[in-house]
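Source file: structure_19.cif. Holds: mmCIF, C-alpha atoms.
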data_entry
loop_
_atom_site.label_atom_id
_atom_site.label_comp_id
_atom_site.auth_asym_id
_atom_site.auth_seq_id
_atom_site.Cartn_x
_atom_site.Cartn_y
_atom_site.Cartn_z
CA MET K 1 15.29 -6.77 -16.18
CA GLU K 2 15.22 -8.15 -12.66
CA VAL K 3 14.21 -6.19 -9.56
CA ARG K 4 14.77 -7.62 -6.09
CA VAL K 5 12.09 -6.68 -3.56
CA ALA K 6 12.58 -7.21 0.18
CA LEU K 7 9.59 -7.48 2.52
CA ALA K 8 10.66 -6.47 6.04
CA GLN K 9 8.00 -8.10 8.21
CA ILE K 10 8.71 -6.59 11.64
CA ALA K 11 7.08 -6.12 15.05
CA PRO K 12 7.44 -2.41 15.85
CA ARG K 13 7.34 -1.14 19.41
CA LEU K 14 4.34 0.99 20.28
CA ALA K 15 5.24 4.72 20.33
CA GLU K 16 9.01 4.00 20.46
CA VAL K 17 10.10 5.84 17.32
CA SER K 18 13.85 5.74 17.99
CA ALA K 19 13.85 1.99 18.61
CA ASN K 20 11.77 1.42 15.47
CA LEU K 21 14.13 3.56 13.39
CA GLU K 22 17.03 1.40 14.58
CA LEU K 23 15.10 -1.77 13.76
CA ALA K 24 14.27 -0.47 10.28
CA ALA K 25 17.87 0.57 9.64
CA ASP K 26 19.05 -2.91 10.56
CA ARG K 27 16.58 -4.52 8.14
CA ILE K 28 17.52 -2.12 5.35
CA ARG K 29 21.20 -3.01 5.72
CA ALA K 30 20.37 -6.72 5.71
CA ALA K 31 18.15 -6.33 2.65
CA ARG K 32 20.85 -4.44 0.83
CA THR K 33 23.29 -7.26 1.57
CA ASP K 34 20.75 -9.58 -0.11
CA GLY K 35 20.80 -7.34 -3.18
CA ALA K 36 17.42 -5.67 -2.67
CA ASP K 37 16.48 -2.78 -4.96
CA LEU K 38 13.36 -1.99 -2.90
CA VAL K 39 12.71 -2.58 0.81
CA VAL K 40 9.07 -2.51 1.96
CA PHE K 41 8.01 -2.14 5.60
CA PRO K 42 4.53 -2.42 7.16
CA GLU K 43 1.97 0.26 7.93
CA LEU K 44 3.02 2.51 10.85
CA ALA K 45 6.31 0.63 11.10
CA LEU K 46 7.94 3.56 12.90
CA THR K 47 5.25 4.03 15.55
CA GLY K 48 3.13 0.93 16.12
CA TYR K 49 -0.59 0.81 15.46
CA LEU K 50 -2.75 1.37 18.59
CA LEU K 51 -1.55 4.91 19.22
CA ALA K 52 -4.83 6.67 20.10
CA ASP K 53 -3.93 10.00 21.76
CA LEU K 54 -0.21 9.37 21.30
CA VAL K 55 -0.51 10.35 17.63
CA PRO K 56 0.87 13.92 18.03
CA GLU K 57 3.76 12.62 20.16
CA VAL K 58 5.11 10.31 17.44
CA ALA K 59 4.25 12.31 14.32
CA MET K 60 6.88 13.72 11.99
CA ALA K 61 6.95 15.63 8.73
CA SER K 62 7.72 13.71 5.57
CA SER K 63 10.82 15.90 5.26
CA ASP K 64 12.10 14.80 8.69
CA GLU K 65 15.85 14.18 8.62
CA ARG K 66 15.36 10.87 10.46
CA LEU K 67 13.50 9.52 7.41
CA ALA K 68 16.18 10.84 5.07
CA ALA K 69 18.92 9.25 7.16
CA LEU K 70 17.08 5.95 7.18
CA SER K 71 17.03 5.79 3.40
CA ARG K 72 20.74 6.58 3.22
CA GLU K 73 21.49 3.30 5.01
CA ALA K 74 21.44 1.67 1.57
CA PRO K 75 22.48 3.93 -1.32
CA ASP K 76 20.45 3.72 -4.53
CA THR K 77 17.85 1.55 -2.78
CA LEU K 78 14.16 2.44 -2.59
CA VAL K 79 12.57 2.26 0.88
CA ALA K 80 8.81 2.26 1.50
CA ILE K 81 7.84 2.69 5.16
CA GLY K 82 4.80 3.68 7.20
CA PHE K 83 4.68 6.45 9.81
CA VAL K 84 2.40 9.10 11.34
CA GLU K 85 2.77 12.28 9.33
CA GLU K 86 2.12 15.79 10.59
CA THR K 87 1.29 18.02 7.63
CA ALA K 88 2.19 21.69 7.32
CA ASP K 89 -1.31 22.62 8.52
CA HIS K 90 -1.04 20.23 11.49
CA ARG K 91 -3.22 17.42 10.22
CA TYR K 92 -2.16 13.96 11.34
CA THR K 93 -2.27 11.22 8.74
CA ASN K 94 -1.42 7.54 8.49
CA SER K 95 1.17 7.82 5.72
CA ALA K 96 3.57 5.79 3.62
CA VAL K 97 6.68 7.40 2.21
CA LEU K 98 8.90 6.18 -0.62
CA LEU K 99 12.52 7.24 -0.16
CA ARG K 100 15.81 6.98 -2.02
CA ASP K 101 19.18 8.47 -1.04
CA GLY K 102 17.58 10.84 1.47
CA ALA K 103 14.95 12.17 -0.93
CA VAL K 104 11.18 11.68 -0.86
CA ILE K 105 10.19 9.99 -4.13
CA GLY K 106 6.53 9.35 -3.27
CA LEU K 107 4.02 9.87 -0.46
CA HIS K 108 0.60 8.33 0.18
CA ARG K 109 -1.84 9.26 2.93
CA LYS K 110 -4.26 6.50 3.82
CA VAL K 111 -7.53 7.23 2.05
CA TYR K 112 -9.84 4.73 3.77
CA LEU K 113 -9.68 4.77 7.56
CA PRO K 114 -11.51 1.79 9.11
CA THR K 115 -13.67 2.92 12.01
CA TYR K 116 -15.74 -0.15 12.74
CA GLY K 117 -15.42 -3.36 14.74
CA MET K 118 -11.95 -3.48 16.30
CA PHE K 119 -10.80 -0.40 14.34
CA ASP K 120 -10.97 3.24 15.45
CA GLU K 121 -8.66 5.03 13.02
CA GLY K 122 -11.02 7.83 12.01
CA ARG K 123 -10.93 9.25 15.53
CA PHE K 124 -7.20 9.87 15.56
CA THR K 125 -6.02 10.49 11.99
CA ARG K 126 -7.41 12.28 8.95
CA ALA K 127 -8.03 10.64 5.59
CA GLY K 128 -5.92 11.35 2.54
CA ASP K 129 -7.55 12.75 -0.59
CA ARG K 130 -5.29 11.62 -3.43
CA VAL K 131 -4.47 8.36 -5.20
CA ARG K 132 -1.34 8.76 -7.28
CA THR K 133 1.75 6.87 -8.46
CA ALA K 134 5.42 7.74 -8.02
CA GLU K 135 7.99 7.79 -10.80
CA VAL K 136 11.08 5.86 -9.70
CA GLY K 137 12.90 5.40 -13.01
CA GLU K 138 13.72 2.24 -14.90
CA PRO K 139 13.13 -0.63 -14.74
CA LEU K 140 10.00 -0.24 -12.57
CA GLY K 141 8.86 3.11 -13.94
CA ARG K 142 6.00 3.94 -11.57
CA ILE K 143 5.00 2.55 -8.16
CA GLY K 144 1.60 2.89 -6.49
CA LEU K 145 1.63 3.12 -2.69
CA SER K 146 -1.39 2.26 -0.56
CA ILE K 147 -2.06 1.38 3.07
CA CYS K 148 -3.98 -1.66 4.31
CA GLU K 149 -7.73 -0.80 4.08
CA ASP K 150 -7.11 1.13 0.86
CA PHE K 151 -6.67 -2.23 -0.87
CA TRP K 152 -10.19 -3.31 0.10
CA HIS K 153 -11.52 -0.61 -2.24
CA PRO K 154 -10.84 -1.70 -5.84
CA SER K 155 -10.85 1.88 -7.09
CA VAL K 156 -7.40 2.42 -5.52
CA PRO K 157 -5.46 -0.33 -7.34
CA MET K 158 -7.48 0.36 -10.51
CA ILE K 159 -6.54 4.04 -10.53
CA GLN K 160 -2.89 3.29 -9.83
CA SER K 161 -2.71 0.61 -12.52
CA GLN K 162 -4.25 3.01 -15.03
CA ASP K 163 -1.82 5.70 -13.86
CA GLY K 164 1.08 3.59 -15.10
CA ALA K 165 2.12 1.59 -12.03
CA SER K 166 4.06 -1.59 -12.72
CA LEU K 167 4.13 -2.41 -8.99
CA LEU K 168 1.50 -1.84 -6.30
CA VAL K 169 2.97 -1.63 -2.79
CA ASN K 170 0.51 -2.13 0.07
CA LEU K 171 1.75 -1.53 3.63
CA ALA K 172 -0.46 -3.19 6.24
CA ALA K 173 -1.04 -3.67 9.95
CA GLY K 174 -3.61 -6.43 9.69
CA PRO K 175 -4.71 -7.89 13.03
CA ALA K 176 -5.75 -11.52 13.17
CA ARG K 177 -9.32 -12.45 13.91
CA ALA K 178 -9.11 -15.27 16.47
CA PRO K 179 -5.60 -16.42 15.46
CA GLY K 180 -5.53 -19.98 14.17
CA SER K 181 -9.32 -20.31 13.98
CA ASP K 182 -11.30 -21.05 10.83
CA ALA K 183 -12.51 -17.43 10.80
CA GLY K 184 -8.96 -16.15 11.07
CA LEU K 185 -7.72 -18.37 8.26
CA ALA K 186 -10.68 -17.33 6.10
CA ALA K 187 -9.80 -13.67 6.59
CA ILE K 188 -6.20 -14.31 5.49
CA ALA K 189 -7.47 -16.26 2.47
CA GLY K 190 -9.60 -13.24 1.58
CA TRP K 191 -6.49 -11.06 1.50
CA HIS K 192 -4.78 -13.61 -0.74
CA LYS K 193 -7.65 -13.72 -3.24
CA MET K 194 -7.78 -9.94 -3.37
CA GLN K 195 -4.05 -9.51 -3.98
CA GLU K 196 -3.93 -12.14 -6.71
CA THR K 197 -7.03 -10.72 -8.39
CA TYR K 198 -5.61 -7.18 -8.49
CA ALA K 199 -2.34 -8.48 -9.91
CA LEU K 200 -4.09 -10.48 -12.61
CA LEU K 201 -6.73 -7.91 -13.59
CA GLY K 202 -4.28 -5.00 -13.47
CA THR K 203 -1.43 -7.03 -15.02
CA VAL K 204 0.70 -5.50 -12.28
CA ALA K 205 3.02 -6.86 -9.59
CA VAL K 206 1.95 -6.56 -5.94
CA ALA K 207 4.17 -6.23 -2.86
CA PHE K 208 2.21 -6.66 0.39
CA CYS K 209 4.03 -6.17 3.70
CA ASN K 210 2.09 -6.88 6.88
CA ARG K 211 3.42 -6.49 10.40
CA VAL K 212 3.58 -9.06 13.20
CA GLY K 213 3.69 -8.86 16.99
CA ASN K 214 1.16 -7.98 19.69
CA GLU K 215 -0.31 -4.72 20.93
CA GLU K 216 -2.78 -4.53 23.80
CA GLY K 217 -4.62 -7.70 22.89
CA LEU K 218 -4.25 -7.48 19.10
CA THR K 219 -2.10 -10.04 17.26
CA PHE K 220 -0.85 -9.15 13.77
CA TRP K 221 -0.54 -12.02 11.34
CA GLY K 222 2.24 -11.11 8.89
CA GLY K 223 2.13 -13.32 5.82
CA SER K 224 3.76 -10.69 3.58
CA ARG K 225 3.81 -11.60 -0.10
CA LEU K 226 5.31 -10.66 -3.45
CA ILE K 227 3.06 -11.47 -6.41
CA GLY K 228 3.80 -11.32 -10.12
CA PRO K 229 1.57 -9.74 -12.79
CA SER K 230 0.00 -13.13 -13.58
CA GLY K 231 -1.20 -13.49 -9.98
CA ALA K 232 1.50 -16.07 -9.16
CA VAL K 233 3.13 -15.87 -5.73
CA ILE K 234 6.88 -15.19 -6.00
CA ALA K 235 7.79 -14.94 -2.30
CA GLU K 236 5.89 -15.30 0.96
CA ALA K 237 6.75 -14.68 4.61
CA PRO K 238 5.58 -16.89 7.48
CA LEU K 239 2.62 -16.12 9.71
CA TYR K 240 3.05 -14.48 13.13
CA GLU K 241 6.85 -14.14 13.15
CA GLU K 242 9.36 -11.55 12.03
CA ALA K 243 11.06 -12.23 8.71
CA LEU K 244 12.97 -10.59 5.88
CA VAL K 245 11.90 -12.18 2.61
CA VAL K 246 13.43 -11.24 -0.75
CA GLY K 247 11.88 -12.07 -4.11
CA THR K 248 12.75 -11.19 -7.70
CA LEU K 249 10.44 -9.52 -10.21
CA ASP K 250 11.24 -9.77 -13.92
CA THR K 251 9.94 -6.74 -15.80
CA ASP K 252 9.84 -8.82 -18.99
CA ASP K 253 7.07 -10.86 -17.32
CA LEU K 254 5.03 -7.67 -16.97
CA ARG K 255 5.66 -6.78 -20.62
CA MET K 256 4.53 -10.17 -21.91
CA GLN K 257 1.55 -10.39 -19.54
CA ARG K 258 0.25 -7.06 -20.81
CA TYR K 259 0.75 -8.20 -24.40
CA GLN K 260 -1.06 -11.49 -23.89
CA LEU K 261 -3.81 -10.04 -21.66
CA PRO K 262 -4.38 -6.41 -22.73
CA ILE K 263 -6.97 -5.61 -20.06
CA LEU K 264 -5.46 -2.27 -19.10
CA ALA K 265 -5.20 -1.09 -22.70
CA ASP K 266 -8.80 -2.12 -23.38
CA GLU K 267 -10.30 -0.42 -20.32
CA ARG K 268 -12.84 2.23 -21.36
CA LEU K 269 -12.11 4.98 -18.85
CA GLU K 270 -14.42 7.48 -20.54
CA LEU K 271 -17.33 5.07 -20.09
CA THR K 272 -16.37 4.43 -16.46
CA ARG K 273 -16.20 8.15 -15.74
CA ARG K 274 -19.55 8.79 -17.42
CA GLU K 275 -21.31 6.08 -15.43
CA LEU K 276 -19.72 7.19 -12.17
CA ASP K 277 -20.84 10.78 -12.85
CA ARG K 278 -24.37 9.44 -13.33
CA ILE K 279 -24.31 7.41 -10.11
CA ILE K 280 -22.92 10.32 -8.09
CA ALA K 281 -25.60 12.65 -9.46
CA GLU K 282 -28.40 10.19 -8.74
CA ARG K 283 -27.23 9.62 -5.17
CA ALA K 284 -26.91 13.34 -4.50
CA GLY K 285 -30.22 14.24 -6.15
CA LEU K 286 -28.48 16.34 -8.78
CA PRO K 287 -29.31 16.61 -12.48
CA VAL K 288 -28.09 13.51 -14.28
CA PRO K 289 -25.50 14.20 -17.01
CA PRO K 290 -26.86 13.85 -20.55
CA GLU K 291 -26.52 10.56 -22.42
CA PRO K 292 -24.00 10.27 -25.27
CA GLU K 293 -25.14 12.02 -28.43
CA ASP K 294 -25.22 8.82 -30.49
CA GLY K 295 -28.21 7.66 -28.46
CA THR K 296 -26.89 4.15 -27.99
CA ALA K 297 -27.05 4.15 -24.18
CA GLU K 298 -29.81 2.18 -22.51
CA PRO K 299 -32.56 4.24 -20.80
#

File written out as structure tokens:
Amino acid sequence: MEVRVALAQIAPRLAEVSANLELAADRIRAARTDGADLVVFPELALTGYLLADLVPEVAMASSDERLAALSREAPDTLVAIGFVEETADHRYTNSAVLLRDGAVIGLHRKVYLPTYGMFDEGRFTRAGDRVRTAEVGEPLGRIGLSICEDFWHPSVPMIQSQDGASLLVNLAAGPARAPGSDAGLAAIAGWHKMQETYALLGTVAVAFCNRVGNEEGLTFWGGSRLIGPSGAVIAEAPLYEEALVVGTLDTDDLRMQRYQLPILADERLELTRRELDRIIAERAGLPVPPEPEDGTAEP
């Protein structure tokens, strides 16, 4: 079956939630006109990125009626969008929500908060502590949400692929490093290699939506992409400008790719867990778990 995925590459206004909600609603309606089954927005699409102490001013609960109303702009259509979430215990997280017909289908709180170089996220938001997938029904089955830096840690896409995801959705606010320079182009190429590798090794489709625009000296590069389970690029947005790009996934491609390249089925999760338990124990100075009883493990 075919699934049409729209990548809404926008330039949100910093701390102007109402204006960003209107912008998102406009893109959702346009995507629906193009026959989209899923519309993906960037990281923090409803708030902008460089919020600093404005975080509490723009935060909302995942149950906020404004989010529900946004998803009702296109009935039966999935919407993935980034926002600042305020949890019930008043933690503030960089979150992505998956919505359909006013209901929350999935929620991801950014696990890895970059706090180095030009990034300062750990000062203003708290890290998530779960990596899950969301059941959305046929033909996609399960979707794995992640946010920008999460994708630079291969454990996240690996866990989601093993948890049954047929599509990994990464929402990003990736700033350019010296736009147009060799270093900037190399950084973008690194993102491309990573996305294609995860798609191929996980035999899973990847939807990457990166924002554009400028905020206080930062320029965001866009380049959103839809990638099939073979690692082939299906659709790609331009650099540095707003765009709405729609591409089509064929779930039969996923089925055949997993038949021809059964990497997921062959993965030995029990071995991975055992070795990770050993590494964690060694790093923490704890007793190392015993070797398997058959005695085949190397000393």

> Where does the PyMOL selection byres ((chain K and resi 136) around 10) land in this file, that is, which residues does it pick, as JSON, numbers by chain?
Replying inline: {"K": [78, 98, 99, 100, 105, 106, 133, 134, 135, 137, 138, 139, 140, 141, 142, 143]}

> Of the residues K:Leu167, K:Thr203, K:Thr47, K:Ser155, which is the one nearest to Leu276 of chain K, using all atoms listed in the file?
Replying inline: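 Closest to Leu276 of chain K of all the choices is K:Ser155.
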
Can you tell me which residues surround segment 204-207 of chain K at a distance of at most 6 Å, considering only C-alpha atoms, apart from same-chain residues fewer than 5 positions away, and format the answer as a CSV table (one decimal) with C-alpha atoms, keeping the file's coordinate frame?
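As a result, around_18.csv now contains:
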chain,number,residue,atom,x,y,z
K,166,SER,CA,4.1,-1.6,-12.7
K,167,LEU,CA,4.1,-2.4,-9.0
K,168,LEU,CA,1.5,-1.8,-6.3
K,169,VAL,CA,3.0,-1.6,-2.8
K,199,ALA,CA,-2.3,-8.5,-9.9
K,226,LEU,CA,5.3,-10.7,-3.4
K,227,ILE,CA,3.1,-11.5,-6.4
K,228,GLY,CA,3.8,-11.3,-10.1
K,229,PRO,CA,1.6,-9.7,-12.8

> So, counting all atoms listed in the file, which residue among K:Pro114, K:Asp163, K:Val40, K:Pro292 is closest to Leu269 of chain K?
Replying inline: K:Asp163

>> From the options K:Gly117, K:Gly222, K:Gly102, K:Pro290, which residue's atoms come nearest to Pro175 of chain K, counting only C-alpha atoms?
In response: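 Answer, going by the shortest atom-to-atom distance: K:Gly222.
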
>> Could you check which residues have any atom within 7 Å of (3.6, -18.6, 5.4), counting only C-alpha atoms with coordinates taken straight from the file, and then list them as a VMD selection string?
In response: chain K and resid 223 236 to 239

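For the residues K:Leu171, K:Asp253, K:Ser161, K:Leu38, ranking by smallest atom-to-atom distance to Asn94 of chain K using only C-alpha atoms places K:Leu171 first.
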
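On the file presented, the PyMOL selection byres ((chain K and resi 46) around 10) picks out Ala11, Pro12, Arg13, Leu14, Ala15, Glu16, Val17, Ser18, Ala19, Asn20, Leu21, Glu22, Leu23, Ala24, Phe41, Pro42, Glu43, Leu44, Ala45, Thr47, Gly48, Tyr49, Val58, Ala59, Leu67, Ile81, Gly82, Phe83 and Val84 of chain K.
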